[in-house]
Amino acid sequence: MKQAKEISDEKLEVVWEPQPGPQTALLTCPVFETLFGGARGGGKSDGVLGEWASHADICGKDAIGLCVRRERIQLTELIERSKVLYGQLGARFQEIDKMWRFPNGARLRFAYLENDSDALAYQGHSYSRVYVEEMGTFPNFDPIKKLMATLRTGNPEKVTPRFIATANPGGPGHLWIKQRYIDPAPSGYKILPTEYKNPFTGEIIWKERVFIPSRVTDNKYTNTSEYIGNLYMAGNDELVRAWLLGDWNVTLGAYFSEWDTTKHVIKTFKIPNHWIRFMSMDWGSAKPFSVGWWAVVPDETDTFLDIPSYDLSNKRIFLPKGAIIRYREWYGTRATTTTENRNVGLKLTAKEVAAGIRERERNEPRNEYGRSRIAYRVADPSMFRNDGGPSHAEEMGKFPNYISLRRADNTHISKRGAMGGLDQVRARLKGDEDSRPMIYFMDNCIDAIRTLPALQHDENHIEDIDENCEDHAPDEIRYACMSRPYFRSQGDDIVRRLLKSSDNSLVLHDDLMEIKSENKFNQLRIN
Ligand SMILES: Nc1ncnc2c1ncn2[C@@H]1O[C@H](COP(=O)(O)OP(=O)(O)O)[C@@H](O)[C@H]1O
Ligand SMILES: [Mg+2]
């Protein structure tokens, strides 16, 4: 802020000055799209407000800004801070339209975008700056893309429009933000050429994007033992680590905090022919469908002696009896690489999906009718709905594919002593008395491994999953776990015996539900 400095030299007060490091980089950055931050207390919000003050100063009436957050209530703090800064610059704030007007004609509006479709309201607007604060609260890129499309100026000689977003790890947007900004260059400062397609006009242009990391240690106002001490009080170790280091690899606020890649992911190996296999599926068309194939570990000696099962560091591991292993998956995504958005569906018909499943089962052991020996298949209950025509489940069961499905138990949450699907997944991730997991993922199952640990808590219903997460594989994993309930319990003897025998014979969830309805599960304590 050169001007501000000059004024200060004339004995006027400096209202705001970027700190050396990331804030200065933000203000001088020539790049179109910037993600600023990645950790808490790094001076992100102040950086954004300061960047605007600088831009307003330089561009005057050509500076037209929009600063958005997800929720109205979240704007308050930012507006309060802006009052401290901009008030001193002689700008006036109109509460009604949340608009700052600067003496030189620059205007900055604050707004919130509660629903993705709210972004449509900005079609046709022109801004020289768009700021998105705490972008991790946006579950997907779509509304952001629409906002970017409003960046243009009537005075290109003088004004270079910029998009600047801030984010911490975590939140429903964690995954797409990590993929877009962090993964390509985790330590930042690398300028990446990016293709932009205007969502309104279809026009394609090339611009640049960059990630500028900022941490609490870059901010002298927060780099204090008091501030850091307070952060420690506010979160668990993982959370604090992510906040302090801006570590996007920790699955912050993860629903399944028990997930541990080194424990749950194993090298792909061939499942012995005699192991029981089953399949689980979640339907999707515009969004991906997800199909998982599972095998049940029959016997400990068996696994130890005959099965070359290894963890990711090539250590031979021991798979406990009754554990389920996801040995194959089919994720119905249009993406062909892992860097594209994978949350876009293939739009196949039920019949095509059934044929695809058959195709993927061509090497499965056969039963006496010559069909693949999959003991049962559980599927999304919505697949059994018939709105006029035959249901998806019915279509899949027909000639020539004969994929016959069973309605999965879709209970999310445990109620009145019965364990819901989410707790079933958690119980298996936690594992047995010796903390050996009761669920494993072969390393070919990339979309389950990517999306299960990324699930976030729903902020309003902490025991449930944020429904904006990419949850197709997790849904189907939940169905799989519900079809073979696992209890590490000192509970009811009858139930325990019955479940034990379920590893060899096939005790189905429906059978167990009968026992449950006789109230035998009521005394069961999980863990
Ligand atoms: N350049 C600056 N000048 C004065 N105070 C600053 C500056 N940068 C950050 N701060 C102060 O540091 C604290 C944390 O910064 P903030 O921008 O809120 O961090 P973040 O948004 O990354 O969590 C705030 O009190 C903020 O006012
Ligand atoms: Mg902030």
# chains A, B, ... in the order shown; residues from 1 in each chain; ligands from 1
call {"tool": "closest_atom_pairs", "arguments": {"of": "chain A", "to": "ligand 1", "cutoff": "10 Å", "atoms": "only C-alpha atoms and all ligand atoms", "output": "tab-separated table"}}
result
residue	atom	partner	partner_atom_place_in_ligand_line	distance
A:Val14	CA	ligand 1	3 (N)	10.0
A:Val15	CA	ligand 1	3 (N)	8.4
A:Trp16	CA	ligand 1	3 (N)	5.5
A:Glu17	CA	ligand 1	1 (N)	5.0
A:Pro18	CA	ligand 1	1 (N)	4.3
A:Gln19	CA	ligand 1	1 (N)	4.9
A:Pro20	CA	ligand 1	1 (N)	8.6
A:Gln23	CA	ligand 1	1 (N)	7.2
A:Thr24	CA	ligand 1	1 (N)	8.9
A:Phe36	CA	ligand 1	22 (O)	8.7
A:Gly37	CA	ligand 1	22 (O)	6.5
A:Gly38	CA	ligand 1	22 (O)	8.0
A:Ala39	CA	ligand 1	22 (O)	6.6
A:Arg40	CA	ligand 1	23 (O)	4.4
A:Gly41	CA	ligand 1	23 (O)	3.4
A:Gly42	CA	ligand 1	22 (O)	3.7
A:Gly43	CA	ligand 1	17 (O)	3.2
A:Lys44	CA	ligand 1	22 (O)	3.6
A:Ser45	CA	ligand 1	17 (O)	3.6
A:Asp46	CA	ligand 1	17 (O)	3.7
A:Gly47	CA	ligand 1	17 (O)	6.1
A:Val48	CA	ligand 1	17 (O)	7.8
A:Leu49	CA	ligand 1	17 (O)	8.5
A:Gly50	CA	ligand 1	1 (N)	7.4
A:Glu77	CA	ligand 1	18 (O)	9.1
A:Leu78	CA	ligand 1	18 (O)	8.4
A:Arg81	CA	ligand 1	27 (O)	7.3
A:Ser82	CA	ligand 1	27 (O)	9.8
A:Val84	CA	ligand 1	27 (O)	9.6
A:Leu85	CA	ligand 1	4 (C)	9.5
A:Glu133	CA	ligand 1	21 (O)	8.4
A:Glu134	CA	ligand 1	21 (O)	8.4
A:Thr166	CA	ligand 1	21 (O)	7.7
A:Ala167	CA	ligand 1	22 (O)	8.3
A:Asn168	CA	ligand 1	22 (O)	8.1
A:Ser214	CA	ligand 1	22 (O)	7.4
A:Arg215	CA	ligand 1	22 (O)	7.4
A:Val216	CA	ligand 1	22 (O)	7.4
A:Asp218	CA	ligand 1	8 (N)	9.1
A:Asn219	CA	ligand 1	9 (C)	6.0
A:Lys220	CA	ligand 1	12 (O)	7.3
A:Tyr221	CA	ligand 1	12 (O)	4.6
A:Thr222	CA	ligand 1	12 (O)	5.6
A:Asn223	CA	ligand 1	12 (O)	8.9
A:Tyr227	CA	ligand 1	14 (C)	9.5
A:Trp243	CA	ligand 1	23 (O)	9.4
call {"tool": "write_last_selection", "arguments": {"atoms": "N, CA and C atoms", "output": "compact mmCIF listing (two decimals), in the first residue's frame"}}
result
# COMPACT_ATOMS: atom_id res chain seq x y z
N VAL A 14 -1.28 5.30 9.44
CA VAL A 14 -1.45 4.17 8.53
C VAL A 14 -2.59 3.31 9.05
N VAL A 15 -3.60 3.14 8.24
CA VAL A 15 -4.77 2.39 8.69
C VAL A 15 -4.48 0.89 8.72
N TRP A 16 -3.86 0.43 7.67
CA TRP A 16 -3.56 -1.00 7.57
C TRP A 16 -2.37 -1.20 6.68
N GLU A 17 -1.56 -2.15 7.02
CA GLU A 17 -0.36 -2.43 6.26
C GLU A 17 -0.20 -3.94 6.18
N PRO A 18 0.11 -4.47 5.00
CA PRO A 18 0.29 -5.93 4.96
C PRO A 18 1.52 -6.32 5.75
N GLN A 19 1.46 -7.47 6.38
CA GLN A 19 2.65 -7.98 7.06
C GLN A 19 3.58 -8.58 6.02
N PRO A 20 4.87 -8.62 6.32
CA PRO A 20 5.78 -9.29 5.37
C PRO A 20 5.35 -10.75 5.21
N GLN A 23 0.79 -12.02 3.35
CA GLN A 23 -0.10 -10.88 3.08
C GLN A 23 0.48 -9.98 2.00
N THR A 24 1.77 -9.74 2.06
CA THR A 24 2.41 -8.92 1.04
C THR A 24 2.33 -9.63 -0.32
N PHE A 36 -5.97 -18.09 -0.67
CA PHE A 36 -5.10 -17.52 0.34
C PHE A 36 -5.34 -18.22 1.65
N GLY A 37 -4.29 -18.80 2.20
CA GLY A 37 -4.42 -19.35 3.54
C GLY A 37 -4.28 -20.83 3.61
N GLY A 38 -5.03 -21.43 4.46
CA GLY A 38 -4.88 -22.85 4.68
C GLY A 38 -4.67 -23.17 6.14
N ALA A 39 -4.61 -22.15 6.98
CA ALA A 39 -4.50 -22.40 8.41
C ALA A 39 -5.22 -21.28 9.14
N ARG A 40 -5.45 -21.49 10.41
CA ARG A 40 -6.21 -20.48 11.15
C ARG A 40 -5.32 -19.38 11.69
N GLY A 41 -5.89 -18.20 11.79
CA GLY A 41 -5.17 -17.08 12.41
C GLY A 41 -4.03 -16.56 11.58
N GLY A 42 -3.98 -16.95 10.30
CA GLY A 42 -2.86 -16.55 9.46
C GLY A 42 -2.99 -15.15 8.89
N GLY A 43 -4.05 -14.47 9.24
CA GLY A 43 -4.25 -13.13 8.69
C GLY A 43 -4.96 -13.14 7.35
N LYS A 44 -5.79 -14.14 7.13
CA LYS A 44 -6.49 -14.27 5.85
C LYS A 44 -7.54 -13.18 5.68
N SER A 45 -8.42 -13.08 6.68
CA SER A 45 -9.51 -12.12 6.55
C SER A 45 -8.96 -10.70 6.46
N ASP A 46 -7.99 -10.41 7.27
CA ASP A 46 -7.37 -9.09 7.20
C ASP A 46 -6.69 -8.88 5.85
N GLY A 47 -6.08 -9.93 5.34
CA GLY A 47 -5.45 -9.86 4.02
C GLY A 47 -6.46 -9.48 2.95
N VAL A 48 -7.62 -10.10 3.00
CA VAL A 48 -8.68 -9.82 2.03
C VAL A 48 -9.14 -8.36 2.15
N LEU A 49 -9.41 -7.94 3.35
CA LEU A 49 -9.89 -6.57 3.55
C LEU A 49 -8.83 -5.55 3.13
N GLY A 50 -7.57 -5.89 3.43
CA GLY A 50 -6.49 -5.00 3.05
C GLY A 50 -6.29 -4.97 1.54
N GLU A 77 -18.75 -10.73 11.55
CA GLU A 77 -17.42 -10.48 12.07
C GLU A 77 -16.57 -9.71 11.06
N LEU A 78 -16.70 -10.14 9.82
CA LEU A 78 -15.93 -9.51 8.75
C LEU A 78 -16.36 -8.06 8.56
N ARG A 81 -14.95 -5.91 11.32
CA ARG A 81 -13.53 -5.58 11.10
C ARG A 81 -13.40 -4.55 9.97
N SER A 82 -14.24 -4.68 8.94
CA SER A 82 -14.16 -3.73 7.83
C SER A 82 -14.53 -2.33 8.30
N VAL A 84 -13.85 -1.06 11.19
CA VAL A 84 -12.67 -0.49 11.85
C VAL A 84 -11.71 0.07 10.81
N LEU A 85 -11.51 -0.71 9.73
CA LEU A 85 -10.50 -0.30 8.75
C LEU A 85 -11.03 0.78 7.80
N GLU A 133 -14.87 -15.74 1.33
CA GLU A 133 -14.26 -15.99 2.64
C GLU A 133 -14.68 -17.37 3.13
N GLU A 134 -13.71 -18.12 3.65
CA GLU A 134 -13.95 -19.47 4.17
C GLU A 134 -14.66 -20.32 3.12
N THR A 166 -10.39 -17.47 0.64
CA THR A 166 -9.65 -17.96 1.80
C THR A 166 -10.26 -19.29 2.21
N ALA A 167 -9.47 -20.12 2.86
CA ALA A 167 -10.00 -21.39 3.35
C ALA A 167 -9.08 -21.99 4.40
N ASN A 168 -9.68 -22.68 5.35
CA ASN A 168 -8.96 -23.54 6.29
C ASN A 168 -9.20 -24.97 5.86
N SER A 214 -0.78 -19.31 4.19
CA SER A 214 -0.45 -18.44 5.32
C SER A 214 -0.77 -19.17 6.61
N ARG A 215 0.07 -19.02 7.58
CA ARG A 215 -0.08 -19.74 8.85
C ARG A 215 -0.07 -18.76 9.99
N VAL A 216 -0.42 -19.29 11.14
CA VAL A 216 -0.46 -18.45 12.33
C VAL A 216 0.92 -17.86 12.60
N ASP A 218 2.87 -16.79 10.45
CA ASP A 218 3.12 -15.67 9.54
C ASP A 218 2.44 -14.40 10.04
N ASN A 219 1.70 -14.51 11.12
CA ASN A 219 0.91 -13.37 11.59
C ASN A 219 1.38 -12.99 13.00
N LYS A 220 2.04 -11.84 13.09
CA LYS A 220 2.62 -11.48 14.39
C LYS A 220 1.54 -11.21 15.43
N TYR A 221 0.31 -10.94 14.95
CA TYR A 221 -0.77 -10.64 15.90
C TYR A 221 -1.32 -11.91 16.56
N THR A 222 -1.12 -13.04 15.92
CA THR A 222 -1.65 -14.28 16.49
C THR A 222 -0.55 -15.27 16.86
N ASN A 223 0.68 -14.99 16.43
CA ASN A 223 1.76 -15.93 16.72
C ASN A 223 2.19 -15.77 18.18
N TYR A 227 -2.72 -17.14 21.86
CA TYR A 227 -3.61 -17.51 20.75
C TYR A 227 -3.49 -19.00 20.44
N TRP A 243 -5.03 -26.78 11.83
CA TRP A 243 -5.19 -25.33 11.94
C TRP A 243 -3.85 -24.63 11.95
call {"tool": "select_by_dssp", "arguments": {"residues": "stretch 260-411 of chain A", "states": "strand (DSSP E or B)", "output": "PyMOL selection string"}}
result
chain A and resi 265-266+276-282+290-296+310-311+316+324-331+333+345+366+372+376-379+406-407
call {"tool": "closest_residue", "arguments": {"among": "A:Asn198, A:Ser257, A:Asn367, A:Thr34", "to": "A:Leu455", "atoms": "only C-alpha atoms"}}
result
A:Ser257
call {"tool": "residues_around", "arguments": {"residues": "A:Arg162", "least_positions_apart": "2", "cutoff": "7 Å", "atoms": "only C-alpha atoms", "output": "list in words"}}
result
Phe32, Glu33, Ser128, Arg129, Val130, Thr160 and Ile164 of chain A
call {"tool": "residues_around", "arguments": {"residues": "stretch 420-427 of chain A", "least_positions_apart": "2", "cutoff": "6 Å", "atoms": "only C-alpha atoms", "output": "list of chain:residue names"}}
result
A:Thr411, A:His412, A:Ile413, A:Ser414, A:Leu429, A:Lys430, A:Arg478, A:Cys481, A:Met482
call {"tool": "atom_distance", "arguments": {"atom1": "atom CA of A:Glu258", "atom2": "atom CA of A:His472"}}
result
19.6 Å
call {"tool": "select_by_dssp", "arguments": {"residues": "stretch 237-435 of chain A", "states": "alpha helix (DSSP H)", "output": "compact mmCIF listing (two decimals) with C-alpha atoms, in the first residue's frame"}}
result
# COMPACT_ATOMS: atom_id res chain seq x y z
CA ASP A 237 -4.87 -32.82 18.29
CA GLU A 238 -5.57 -33.44 14.64
CA LEU A 239 -7.69 -30.37 14.31
CA VAL A 240 -5.11 -28.18 15.99
CA ARG A 241 -2.37 -29.60 13.82
CA ALA A 242 -4.38 -28.81 10.71
CA TRP A 243 -5.19 -25.33 11.94
CA LEU A 244 -1.63 -24.55 12.85
CA LEU A 245 0.19 -26.18 9.98
CA THR A 261 -4.72 -45.52 5.70
CA THR A 262 -1.83 -47.58 7.05
CA LYS A 263 -4.26 -49.91 8.81
CA HIS A 264 -7.31 -50.02 6.57
CA GLU A 300 -7.53 -66.73 10.90
CA THR A 301 -5.13 -69.60 10.27
CA ASP A 302 -6.26 -69.63 6.71
CA THR A 303 -5.41 -65.98 6.19
CA PHE A 304 -2.16 -66.19 7.99
CA LEU A 305 -0.80 -69.20 6.20
CA ASP A 306 -2.20 -69.01 2.71
CA ALA A 350 -30.00 -49.89 -14.88
CA LYS A 351 -29.54 -52.50 -17.58
CA GLU A 352 -26.18 -51.06 -18.60
CA VAL A 353 -25.02 -51.00 -15.00
CA ALA A 354 -26.10 -54.64 -14.59
CA ALA A 355 -24.13 -55.58 -17.71
CA GLY A 356 -21.10 -53.71 -16.35
CA ILE A 357 -21.33 -55.63 -13.09
CA ARG A 358 -21.47 -58.94 -14.95
CA GLU A 359 -18.48 -57.91 -17.02
CA ARG A 360 -16.48 -57.10 -13.88
CA HIS A 392 -33.98 -50.12 -11.36
CA ALA A 393 -33.69 -53.24 -9.21
CA GLU A 394 -36.19 -55.04 -11.39
CA GLU A 395 -34.39 -53.99 -14.58
CA MET A 396 -31.10 -55.26 -13.23
CA GLY A 397 -32.62 -58.60 -12.25
CA GLY A 421 -25.14 -48.07 9.50
CA LEU A 422 -22.71 -45.31 10.38
CA ASP A 423 -21.89 -46.87 13.72
CA GLN A 424 -21.53 -50.22 12.02
CA VAL A 425 -18.89 -48.77 9.72
CA ARG A 426 -17.20 -47.13 12.69
CA ALA A 427 -17.24 -50.34 14.72
CA ARG A 428 -15.55 -52.20 11.88
CA LEU A 429 -12.97 -49.47 11.37
CA LYS A 430 -12.13 -49.58 15.08
call {"tool": "atom_distance", "arguments": {"atom1": "atom CA of A:Ile325", "atom2": "atom CA of A:Trp293"}}
result
8.2 Å
call {"tool": "closest_residue", "arguments": {"among": "A:Arg377, A:His55, A:Arg450, A:Arg69", "to": "ligand 2", "atoms": "only C-alpha atoms and all ligand atoms"}}
result
A:Arg69
